[in-house]
file coords_19.cif (mmCIF, C-alpha atoms (C1' of nucleotides))
data_upload
loop_
_atom_site.label_atom_id
_atom_site.label_comp_id
_atom_site.auth_asym_id
_atom_site.auth_seq_id
_atom_site.Cartn_x
_atom_site.Cartn_y
_atom_site.Cartn_z
CA MET D 1 16.48 -61.96 -11.03
CA THR D 2 19.16 -59.34 -10.82
CA THR D 3 20.99 -58.58 -7.64
CA ALA D 4 21.06 -55.11 -6.19
CA ARG D 5 24.73 -54.91 -6.93
CA GLU D 6 24.21 -55.61 -10.62
CA ARG D 7 21.42 -53.07 -10.77
CA VAL D 8 23.73 -50.48 -9.26
CA VAL D 9 26.43 -51.07 -11.84
CA GLU D 10 23.90 -50.96 -14.67
CA ALA D 11 22.42 -47.74 -13.31
CA ALA D 12 25.84 -46.15 -13.05
CA ILE D 13 26.69 -46.94 -16.66
CA SER D 14 23.30 -45.73 -17.85
CA ILE D 15 23.60 -42.41 -16.08
CA ALA D 16 27.15 -41.84 -17.24
CA ALA D 17 26.16 -42.61 -20.82
CA ARG D 18 22.97 -40.57 -20.79
CA ASP D 19 23.87 -37.56 -18.68
CA GLY D 20 27.64 -37.62 -18.66
CA VAL D 21 30.10 -38.69 -16.02
CA PRO D 22 29.82 -35.45 -14.03
CA ALA D 23 26.18 -36.37 -13.38
CA LEU D 24 27.28 -39.67 -11.92
CA THR D 25 26.63 -38.88 -8.28
CA LEU D 26 26.00 -41.47 -5.62
CA ASP D 27 22.51 -40.11 -5.05
CA ALA D 28 21.64 -40.31 -8.73
CA VAL D 29 22.93 -43.86 -9.06
CA ALA D 30 21.09 -44.97 -5.95
CA ALA D 31 17.84 -43.46 -7.20
CA GLU D 32 18.17 -45.01 -10.65
CA ALA D 33 19.03 -48.40 -9.21
CA GLY D 34 16.08 -48.27 -6.83
CA VAL D 35 18.37 -48.51 -3.83
CA SER D 36 19.08 -46.14 -1.00
CA LYS D 37 22.37 -44.36 -0.74
CA GLY D 38 23.23 -46.46 2.26
CA GLY D 39 22.46 -49.60 0.31
CA LEU D 40 24.67 -48.47 -2.53
CA LEU D 41 27.54 -47.78 -0.20
CA TYR D 42 27.07 -51.16 1.35
CA HIS D 43 27.98 -52.76 -1.98
CA PHE D 44 30.54 -50.21 -3.13
CA ALA D 45 32.40 -48.62 -0.26
CA SER D 46 33.33 -45.51 -2.24
CA LYS D 47 32.69 -43.80 -5.51
CA GLU D 48 36.06 -44.99 -6.71
CA ALA D 49 34.99 -48.56 -6.03
CA LEU D 50 31.83 -47.96 -8.02
CA LEU D 51 33.80 -46.71 -11.02
CA ALA D 52 36.06 -49.73 -10.76
CA GLY D 53 33.00 -51.94 -10.66
CA MET D 54 31.65 -50.34 -13.83
CA VAL D 55 34.87 -50.86 -15.73
CA GLU D 56 35.35 -54.36 -14.42
CA SER D 57 31.85 -55.29 -15.50
CA ALA D 58 32.41 -53.98 -19.02
CA LEU D 59 35.77 -55.69 -19.27
CA THR D 60 34.26 -58.99 -18.25
CA GLY D 61 31.61 -58.67 -20.93
CA TRP D 62 34.13 -57.83 -23.62
CA SER D 63 36.31 -60.68 -22.55
CA ALA D 64 33.44 -63.09 -23.01
CA ASP D 65 32.69 -61.66 -26.48
CA ILE D 66 36.30 -62.05 -27.51
CA ASP D 67 36.54 -65.59 -26.23
CA ALA D 68 33.42 -66.52 -28.16
CA ALA D 69 34.76 -64.95 -31.35
CA VAL D 70 38.09 -66.73 -30.97
CA GLY D 71 36.30 -70.01 -30.47
CA SER D 72 34.30 -69.67 -33.67
CA ASP D 73 37.29 -68.77 -35.85
CA PRO D 74 38.85 -71.89 -37.40
CA VAL D 75 42.02 -70.17 -38.58
CA PRO D 76 44.54 -69.98 -35.74
CA THR D 77 46.78 -67.33 -37.25
CA GLY D 78 45.75 -63.89 -36.03
CA ARG D 79 42.36 -64.94 -34.74
CA ALA D 80 42.82 -63.27 -31.39
CA ALA D 81 43.47 -59.98 -33.14
CA ARG D 82 40.49 -60.54 -35.44
CA ALA D 83 38.24 -61.22 -32.48
CA TYR D 84 39.45 -58.03 -30.82
CA LEU D 85 38.81 -56.07 -33.99
CA ARG D 86 35.31 -57.45 -34.34
CA SER D 87 34.40 -56.73 -30.75
CA ALA D 88 35.73 -53.18 -31.10
CA CYS D 89 33.24 -52.34 -33.83
CA ASP D 90 30.24 -54.31 -32.65
CA PRO D 91 27.27 -52.28 -33.90
CA GLY D 92 25.27 -53.48 -30.91
CA ASP D 93 27.40 -51.43 -28.56
CA ASP D 94 26.23 -47.96 -27.71
CA PRO D 95 29.01 -45.45 -28.40
CA SER D 96 27.93 -43.23 -25.53
CA ARG D 97 28.31 -46.14 -23.12
CA GLU D 98 31.77 -46.74 -24.42
CA LEU D 99 32.59 -43.09 -24.05
CA ALA D 100 31.42 -43.33 -20.46
CA LEU D 101 33.74 -46.25 -19.82
CA LEU D 102 36.61 -44.43 -21.47
CA THR D 103 35.96 -41.41 -19.30
CA ALA D 104 35.99 -43.53 -16.19
CA ALA D 105 39.30 -45.05 -17.21
CA ALA D 106 40.73 -41.65 -18.03
CA LEU D 107 39.66 -40.23 -14.68
CA ASP D 108 40.70 -42.98 -12.34
CA PRO D 109 44.16 -44.54 -12.49
CA ARG D 110 42.90 -47.80 -11.04
CA CYS D 111 40.35 -48.15 -13.80
CA ALA D 112 43.05 -47.38 -16.34
CA GLN D 113 45.21 -50.08 -14.81
CA ALA D 114 42.43 -52.64 -15.05
CA TRP D 115 41.89 -51.68 -18.67
CA ARG D 116 45.58 -51.98 -19.42
CA THR D 117 45.80 -55.37 -17.81
CA ALA D 118 42.84 -56.69 -19.76
CA VAL D 119 43.95 -55.34 -23.14
CA ASP D 120 47.53 -56.46 -22.69
CA GLY D 121 46.29 -59.86 -21.64
CA TRP D 122 44.26 -60.25 -24.81
CA ALA D 123 47.18 -59.07 -26.91
CA ALA D 124 49.45 -61.65 -25.33
CA ALA D 125 47.70 -64.28 -27.45
CA ASP D 126 49.18 -62.75 -30.60
CA GLY D 127 52.42 -63.78 -32.19
CA PRO D 128 55.17 -61.20 -32.66
CA GLU D 129 53.99 -60.14 -36.13
CA LEU D 130 53.85 -56.40 -36.61
CA ASP D 131 50.63 -56.58 -38.58
CA LEU D 132 48.78 -58.00 -35.62
CA LEU D 133 49.75 -55.02 -33.52
CA VAL D 134 48.67 -52.76 -36.37
CA THR D 135 45.34 -54.56 -36.37
CA ARG D 136 44.85 -54.01 -32.68
CA LEU D 137 45.79 -50.35 -32.95
CA ALA D 138 43.36 -49.88 -35.82
CA ALA D 139 40.69 -51.57 -33.71
CA ASP D 140 41.44 -49.20 -30.85
CA GLY D 141 41.28 -46.27 -33.23
CA LEU D 142 37.98 -47.46 -34.59
CA TRP D 143 36.63 -47.85 -31.10
CA LEU D 144 37.81 -44.37 -30.13
CA ALA D 145 36.41 -42.88 -33.31
CA ARG D 146 33.04 -44.44 -32.59
CA ALA D 147 33.05 -43.27 -28.99
CA LEU D 148 33.91 -39.69 -29.94
CA GLY D 149 31.98 -39.65 -33.20
CA LEU D 150 34.96 -38.99 -35.46
CA TYR D 151 35.05 -39.28 -39.25
CA GLY D 152 31.26 -39.55 -39.53
CA LEU D 153 31.52 -43.32 -39.74
CA ASP D 154 28.44 -45.23 -40.81
CA ALA D 155 27.92 -48.98 -40.65
CA ALA D 156 29.04 -49.58 -44.22
CA ARG D 157 32.26 -47.67 -43.82
CA ILE D 158 33.00 -49.45 -40.57
CA ALA D 159 32.42 -52.80 -42.25
CA ALA D 160 34.71 -51.86 -45.12
CA VAL D 161 37.49 -50.78 -42.80
CA THR D 162 37.08 -53.89 -40.71
CA ASP D 163 37.35 -56.10 -43.77
CA ARG D 164 40.44 -54.30 -44.94
CA VAL D 165 42.16 -54.60 -41.60
CA THR D 166 41.13 -58.22 -41.30
CA GLU D 167 43.17 -58.92 -44.41
CA LEU D 168 46.25 -57.88 -42.50
CA THR D 169 45.70 -60.70 -40.05
CA ARG D 170 45.42 -63.45 -42.66
CA ASP D 171 49.04 -63.43 -43.67
CA PRO D 172 50.68 -61.04 -41.25
CA ARG D 173 54.12 -59.69 -41.93
CA PRO D 174 56.62 -59.97 -39.06
CA MET J 175 56.92 -12.95 -22.80
CA THR J 176 53.93 -15.10 -22.15
CA THR J 177 50.55 -13.63 -21.49
CA ALA J 178 48.62 -14.46 -18.36
CA ARG J 179 46.07 -16.27 -20.48
CA GLU J 180 48.71 -18.54 -21.96
CA ARG J 181 50.14 -19.23 -18.53
CA VAL J 182 46.70 -20.19 -17.29
CA VAL J 183 46.17 -22.69 -20.08
CA GLU J 184 49.62 -24.14 -19.57
CA ALA J 185 49.03 -24.45 -15.83
CA ALA J 186 45.71 -26.17 -16.38
CA ILE J 187 47.26 -28.77 -18.67
CA SER J 188 50.15 -29.32 -16.29
CA ILE J 189 47.91 -29.90 -13.32
CA ALA J 190 45.58 -32.19 -15.21
CA ALA J 191 48.55 -34.20 -16.48
CA ARG J 192 50.35 -34.35 -13.15
CA ASP J 193 47.54 -34.71 -10.63
CA GLY J 194 44.62 -35.81 -12.77
CA VAL J 195 41.63 -33.93 -14.04
CA PRO J 196 39.71 -34.11 -10.73
CA ALA J 197 42.48 -31.99 -9.22
CA LEU J 198 41.91 -29.35 -11.86
CA THR J 199 40.21 -26.76 -9.66
CA LEU J 200 40.09 -23.07 -10.39
CA ASP J 201 42.07 -22.33 -7.24
CA ALA J 202 44.80 -24.80 -8.16
CA VAL J 203 45.10 -23.47 -11.69
CA ALA J 204 45.23 -19.89 -10.51
CA ALA J 205 47.95 -20.71 -8.00
CA GLU J 206 50.04 -22.65 -10.51
CA ALA J 207 49.71 -19.93 -13.12
CA GLY J 208 50.73 -17.25 -10.65
CA VAL J 209 47.43 -15.47 -11.08
CA SER J 210 44.62 -14.76 -8.69
CA LYS J 211 41.34 -16.53 -9.01
CA GLY J 212 39.74 -13.28 -10.10
CA GLY J 213 42.35 -12.91 -12.80
CA LEU J 214 41.72 -16.41 -14.03
CA LEU J 215 37.98 -15.84 -14.22
CA TYR J 216 38.60 -12.63 -16.08
CA HIS J 217 40.20 -14.60 -18.90
CA PHE J 218 37.99 -17.67 -18.69
CA ALA J 219 34.50 -16.91 -17.51
CA SER J 220 33.86 -20.44 -16.30
CA LYS J 221 35.56 -23.74 -15.77
CA GLU J 222 33.92 -25.02 -18.92
CA ALA J 223 35.54 -22.17 -20.84
CA LEU J 224 38.89 -23.08 -19.34
CA LEU J 225 38.56 -26.70 -20.48
CA ALA J 226 37.61 -25.48 -23.93
CA GLY J 227 40.66 -23.24 -23.92
CA MET J 228 42.91 -26.16 -23.02
CA VAL J 229 41.60 -28.30 -25.83
CA GLU J 230 41.63 -25.48 -28.33
CA SER J 231 45.21 -24.69 -27.47
CA ALA J 232 46.30 -28.29 -27.98
CA LEU J 233 44.35 -28.55 -31.20
CA THR J 234 46.00 -25.42 -32.54
CA GLY J 235 49.42 -26.82 -31.75
CA TRP J 236 48.70 -30.13 -33.42
CA SER J 237 47.31 -28.35 -36.43
CA ALA J 238 50.55 -26.44 -36.83
CA ASP J 239 52.58 -29.65 -36.53
CA ILE J 240 50.47 -31.32 -39.16
CA ASP J 241 50.69 -28.40 -41.53
CA ALA J 242 54.45 -28.39 -41.19
CA ALA J 243 54.67 -32.11 -41.83
CA VAL J 244 52.44 -31.83 -44.87
CA GLY J 245 54.58 -29.01 -46.21
CA SER J 246 57.78 -31.02 -45.93
CA ASP J 247 56.38 -34.12 -47.67
CA PRO J 248 56.99 -34.02 -51.42
CA VAL J 249 54.63 -36.88 -52.26
CA PRO J 250 51.07 -35.60 -52.53
CA THR J 251 49.34 -38.97 -52.25
CA GLY J 252 48.39 -39.64 -48.67
CA ARG J 253 50.64 -37.03 -47.16
CA ALA J 254 47.92 -35.58 -44.97
CA ALA J 255 47.34 -39.00 -43.43
CA ARG J 256 51.09 -39.50 -43.01
CA ALA J 257 51.43 -36.17 -41.27
CA TYR J 258 48.59 -37.09 -38.94
CA LEU J 259 50.21 -40.41 -38.18
CA ARG J 260 53.54 -38.81 -37.43
CA SER J 261 52.04 -36.21 -35.14
CA ALA J 262 50.11 -38.91 -33.30
CA CYS J 263 53.26 -40.69 -32.22
CA ASP J 264 55.55 -37.74 -31.66
CA PRO J 265 57.90 -38.95 -28.91
CA GLY J 266 58.18 -35.37 -27.70
CA ASP J 267 54.60 -35.42 -26.50
CA ASP J 268 53.96 -36.42 -22.93
CA PRO J 269 51.40 -39.22 -22.78
CA SER J 270 49.95 -37.97 -19.53
CA ARG J 271 49.25 -34.60 -21.14
CA GLU J 272 47.47 -36.31 -23.95
CA LEU J 273 45.47 -38.35 -21.48
CA ALA J 274 44.50 -35.11 -19.79
CA LEU J 275 43.27 -33.68 -23.07
CA LEU J 276 41.37 -36.85 -23.82
CA THR J 277 39.73 -36.71 -20.42
CA ALA J 278 38.69 -33.13 -21.00
CA ALA J 279 37.14 -34.08 -24.32
CA ALA J 280 35.41 -37.07 -22.80
CA LEU J 281 33.97 -35.01 -19.97
CA ASP J 282 32.75 -31.97 -21.83
CA PRO J 283 30.62 -32.28 -24.97
CA ARG J 284 31.83 -28.94 -26.27
CA CYS J 285 35.44 -30.07 -26.07
CA ALA J 286 34.49 -33.26 -27.84
CA GLN J 287 32.82 -31.24 -30.57
CA ALA J 288 35.91 -29.10 -31.07
CA TRP J 289 38.02 -32.23 -31.27
CA ARG J 290 35.66 -33.79 -33.79
CA THR J 291 35.67 -30.70 -35.94
CA ALA J 292 39.44 -30.52 -35.99
CA VAL J 293 40.02 -34.19 -36.73
CA ASP J 294 37.34 -34.34 -39.40
CA GLY J 295 38.78 -31.19 -40.94
CA TRP J 296 42.22 -32.75 -41.21
CA ALA J 297 40.75 -35.93 -42.64
CA ALA J 298 38.93 -33.96 -45.31
CA ALA J 299 42.27 -33.52 -47.08
CA ASP J 300 42.39 -37.25 -47.82
CA GLY J 301 41.08 -38.88 -50.92
CA PRO J 302 38.41 -41.56 -50.63
CA GLU J 303 40.89 -44.44 -50.39
CA LEU J 304 40.11 -46.88 -47.61
CA ASP J 305 43.75 -47.29 -46.66
CA LEU J 306 43.99 -43.66 -45.71
CA LEU J 307 41.15 -44.06 -43.24
CA VAL J 308 42.84 -47.17 -41.92
CA THR J 309 45.99 -45.12 -41.46
CA ARG J 310 44.16 -42.47 -39.48
CA LEU J 311 42.45 -45.06 -37.32
CA ALA J 312 45.76 -46.74 -36.60
CA ALA J 313 47.19 -43.36 -35.70
CA ASP J 314 44.29 -42.76 -33.33
CA GLY J 315 44.80 -46.18 -31.82
CA LEU J 316 48.49 -45.52 -31.39
CA TRP J 317 47.73 -42.24 -29.74
CA LEU J 318 45.21 -43.84 -27.40
CA ALA J 319 47.58 -46.67 -26.60
CA ARG J 320 50.27 -44.18 -25.68
CA ALA J 321 47.90 -42.13 -23.56
CA LEU J 322 46.66 -45.16 -21.63
CA GLY J 323 49.94 -47.05 -21.67
CA LEU J 324 48.67 -50.07 -23.57
CA TYR J 325 50.79 -52.81 -25.15
CA GLY J 326 53.97 -51.69 -23.37
CA LEU J 327 55.06 -49.78 -26.45
CA ASP J 328 58.63 -48.55 -26.59
CA ALA J 329 60.11 -46.13 -29.08
CA ALA J 330 61.41 -48.83 -31.40
CA ARG J 331 58.09 -50.64 -31.58
CA ILE J 332 56.28 -47.38 -32.21
CA ALA J 333 58.69 -46.57 -35.02
CA ALA J 334 58.22 -50.00 -36.57
CA VAL J 335 54.45 -49.70 -36.47
CA THR J 336 54.59 -46.23 -37.88
CA ASP J 337 56.75 -47.36 -40.78
CA ARG J 338 54.43 -50.25 -41.50
CA VAL J 339 51.35 -48.06 -41.53
CA THR J 340 53.12 -45.45 -43.60
CA GLU J 341 53.47 -48.05 -46.35
CA LEU J 342 49.71 -48.15 -46.58
CA THR J 343 49.65 -44.52 -47.59
CA ARG J 344 52.16 -44.85 -50.42
CA ASP J 345 49.91 -46.76 -52.76
CA PRO J 346 46.57 -46.79 -51.02
CA ARG J 347 43.85 -49.14 -52.08
CA PRO J 348 40.41 -47.61 -52.68
"C1'" DG A 349 39.63 9.68 -15.28
"C1'" DC A 350 39.15 5.51 -17.49
"C1'" DC A 351 40.09 0.98 -18.81
"C1'" DG A 352 42.38 -3.42 -18.84
"C1'" DC A 353 43.69 -6.36 -15.53
"C1'" DT A 354 44.39 -8.21 -10.85
"C1'" DA A 355 43.47 -9.34 -5.87
"C1'" DT A 356 40.77 -10.88 -1.92
"C1'" DA A 357 36.98 -11.98 0.70
"C1'" DC A 358 32.93 -14.27 0.64
"C1'" DC A 359 28.73 -17.26 -0.42
"C1'" DG A 360 25.53 -21.10 -1.68
"C1'" DT A 361 25.38 -25.40 -3.31
"C1'" DC A 362 26.52 -29.80 -4.12
"C1'" DT A 363 28.46 -34.25 -2.87
"C1'" DG A 364 30.97 -37.98 -0.91
"C1'" DG A 365 30.92 -40.25 3.02
"C1'" DT A 366 29.44 -41.32 8.11
"C1'" DC A 367 26.52 -43.25 11.39
"C1'" DG A 368 22.91 -45.00 14.03
"C1'" DG A 369 19.24 -47.74 13.20
"C1'" DT A 370 15.91 -51.56 11.08
"C1'" DA A 371 14.49 -56.05 9.18
"C1'" DT A 372 15.28 -60.71 8.12
"C1'" DA A 373 17.40 -65.01 8.37
"C1'" DG A 374 20.53 -68.22 10.27
"C1'" DT A 375 23.10 -70.54 14.27
"C1'" DC A 376 23.34 -72.84 18.44
"C1'" DG A 377 23.17 -74.23 23.16
"C1'" DA A 378 19.83 -75.70 26.58
"C1'" DT O 379 11.24 -75.21 20.63
"C1'" DC O 380 12.71 -71.23 22.34
"C1'" DG O 381 15.50 -67.36 23.27
"C1'" DA O 382 20.01 -65.09 22.81
"C1'" DC O 383 23.14 -63.73 19.59
"C1'" DT O 384 25.22 -62.77 15.02
"C1'" DA O 385 25.63 -61.78 10.03
"C1'" DT O 386 23.82 -59.78 6.01
"C1'" DA O 387 21.45 -56.36 3.58
"C1'" DC O 388 19.62 -52.08 3.50
"C1'" DC O 389 17.90 -47.38 4.95
"C1'" DG O 390 18.04 -42.19 5.16
"C1'" DA O 391 19.17 -38.12 7.93
"C1'" DC O 392 23.07 -35.57 8.60
"C1'" DC O 393 27.66 -33.29 8.12
"C1'" DA O 394 32.11 -31.26 6.74
"C1'" DG O 395 34.32 -29.38 3.34
"C1'" DA O 396 35.35 -28.47 -1.37
"C1'" DC O 397 34.34 -25.86 -5.35
"C1'" DG O 398 32.53 -22.76 -8.79
"C1'" DG O 399 31.25 -18.43 -9.06
"C1'" DT O 400 30.26 -13.33 -7.36
"C1'" DA O 401 31.17 -8.83 -5.47
"C1'" DT O 402 34.00 -5.30 -4.88
"C1'" DA O 403 37.98 -2.79 -4.42
"C1'" DG O 404 42.83 -1.73 -6.05
"C1'" DC O 405 46.40 -0.57 -9.39
"C1'" DG O 406 49.13 1.08 -13.25
"C1'" DG O 407 49.43 2.92 -17.91
"C1'" DC O 408 47.43 6.17 -21.31
#

call {"tool": "encode", "arguments": {"input": "coords_19.cif", "output": "structure tokens"}}
result
Amino acid sequence: MTTARERVVEAAISIAARDGVPALTLDAVAAEAGVSKGGLLYHFASKEALLAGMVESALTGWSADIDAAVGSDPVPTGRAARAYLRSACDPGDDPSRELALLTAAALDPRCAQAWRTAVDGWAAADGPELDLLVTRLAADGLWLARALGLYGLDAARIAAVTDRVTELTRDPRP
Amino acid sequence: MTTARERVVEAAISIAARDGVPALTLDAVAAEAGVSKGGLLYHFASKEALLAGMVESALTGWSADIDAAVGSDPVPTGRAARAYLRSACDPGDDPSRELALLTAAALDPRCAQAWRTAVDGWAAADGPELDLLVTRLAADGLWLARALGLYGLDAARIAAVTDRVTELTRDPRP
DNA sequence: GCCGCTATACCGTCTGGTCGGTATAGTCGA
DNA sequence: TCGACTATACCGACCAGACGGTATAGCGGC
């Protein structure tokens, strides 16, 4: 059974992805979550707090994905970067949801800070090799391209790019 | 002499970069541009049109930068991708301005469409080589990282990454 | 006089947030 | 066990103000 708080976060992400962030009003979120406005504000004291909750929830999920991918990769060198790359192009993720999260981070400095902290924390697992940073940047670019719909990327092209970039992590140059 | 329209666009970008996109109200833009609200709405019939004008203006500027960089690169292979990469990490650009543009594109589907069209148009100059797409994605990632302040990138690190990625464009794999 | 442009006053709506209230469950002393 | 009291979770009417947009009049050059 899901808690009201979880339903609220899920509703907020859904609305932002489906109707755009400007449509993300407290009333709309409350209605979609099946909660009154008062109930919503009981869990999230302000709209800002709700946005932060959305981003934090997504970040937690990504973190779990990355940890799992790192755990299943037997090669230590560059595996953190590989896991990041793979999670950035997960075909199961809905690009419009990711765009919604990006918008939230772009709008609210506190969300951006949380994002920064998470990403920098993941990157701290890398060695100093330049190619690992290149890998992460390519992953970010891929993620952005998917969110904004750039380059008309299909699944095959994404897979090809991912494979190519993965090579960089096998024997990274300093 | 700058036209009122240009001043309006410039003011809008400045406010969005300095105070955040939520502070981008018609009144604030009009005041900063030294124009009355009526004057502003004469040039941009709606706020949506103003956002579109902001993005279009930035896109036009980037396009000119890229064209110049392409023109000054004697090696045909991959020079479009190299020019894109260089313009993505131009130290002269203010990251908070770029974040403002990104936010505008994330908020308004029409801005996103304009962005897509421009980026895809630039990418159309590339051959089919995979490494050129990787280069563009890394450039996008670098741009995003700068806008959001990820990885604590300084100028030297950016230069190193740029050089490394540039290598990919010299003899790109298919 | 007309037209491109600007200025100001004003309006309706939308939205975040407040506030008083309700229901349920738990605590605890007598 | 019972009654007083408290904490948690939730409700929904209401409000103040911000904001986009309109209406209308003014102004200067041709």

call {"tool": "closest_residue", "arguments": {"input": "coords_19.cif", "among": "O:DG395, O:DG406, O:DA401, O:DC388", "to": "chain D", "atoms": "only C-alpha atoms (C1' of nucleotides)"}}
result
O:DC388

call {"tool": "interface_residues", "arguments": {"input": "coords_19.cif", "of": "chain O", "to": "chain D", "cutoff": "9 Å", "atoms": "all atoms listed in the file", "output": "number ranges by chain"}}
result
O: 387-390

call {"tool": "atom_distance", "arguments": {"input": "coords_19.cif", "atom1": "CA of Ser46 in chain D", "atom2": "CA of Leu275 in chain J"}}
result
25.9 Å

call {"tool": "closest_residue", "arguments": {"input": "coords_19.cif", "among": "D:Leu142, D:Leu26, D:Ala159, D:Val8", "to": "chain J", "atoms": "all atoms listed in the file"}}
result
D:Leu142

call {"tool": "resolve_selection", "arguments": {"input": "coords_19.cif", "expression": "the PyMOL selection byres ((chain A and resi 375) around 12)", "output": "list in words"}}
result
DA373, DG374, DC376 and DG377 of chain A; DA382, DC383, DT384 and DA385 of chain O

call {"tool": "resolve_selection", "arguments": {"input": "coords_19.cif", "expression": "the PyMOL selection byres ((chain J) within 6 of (chain D))", "output": "list in words"}}
result
Thr277, Ala280, Arg290, Asp294, Leu311, Ala312, Asp314, Gly315, Leu316, Leu324 and Tyr325 of chain J

call {"tool": "resolve_selection", "arguments": {"input": "coords_19.cif", "expression": "the PyMOL selection byres ((chain A) within 8 of (chain J))", "output": "list in words"}}
result
DC353, DT354 and DA355 of chain A
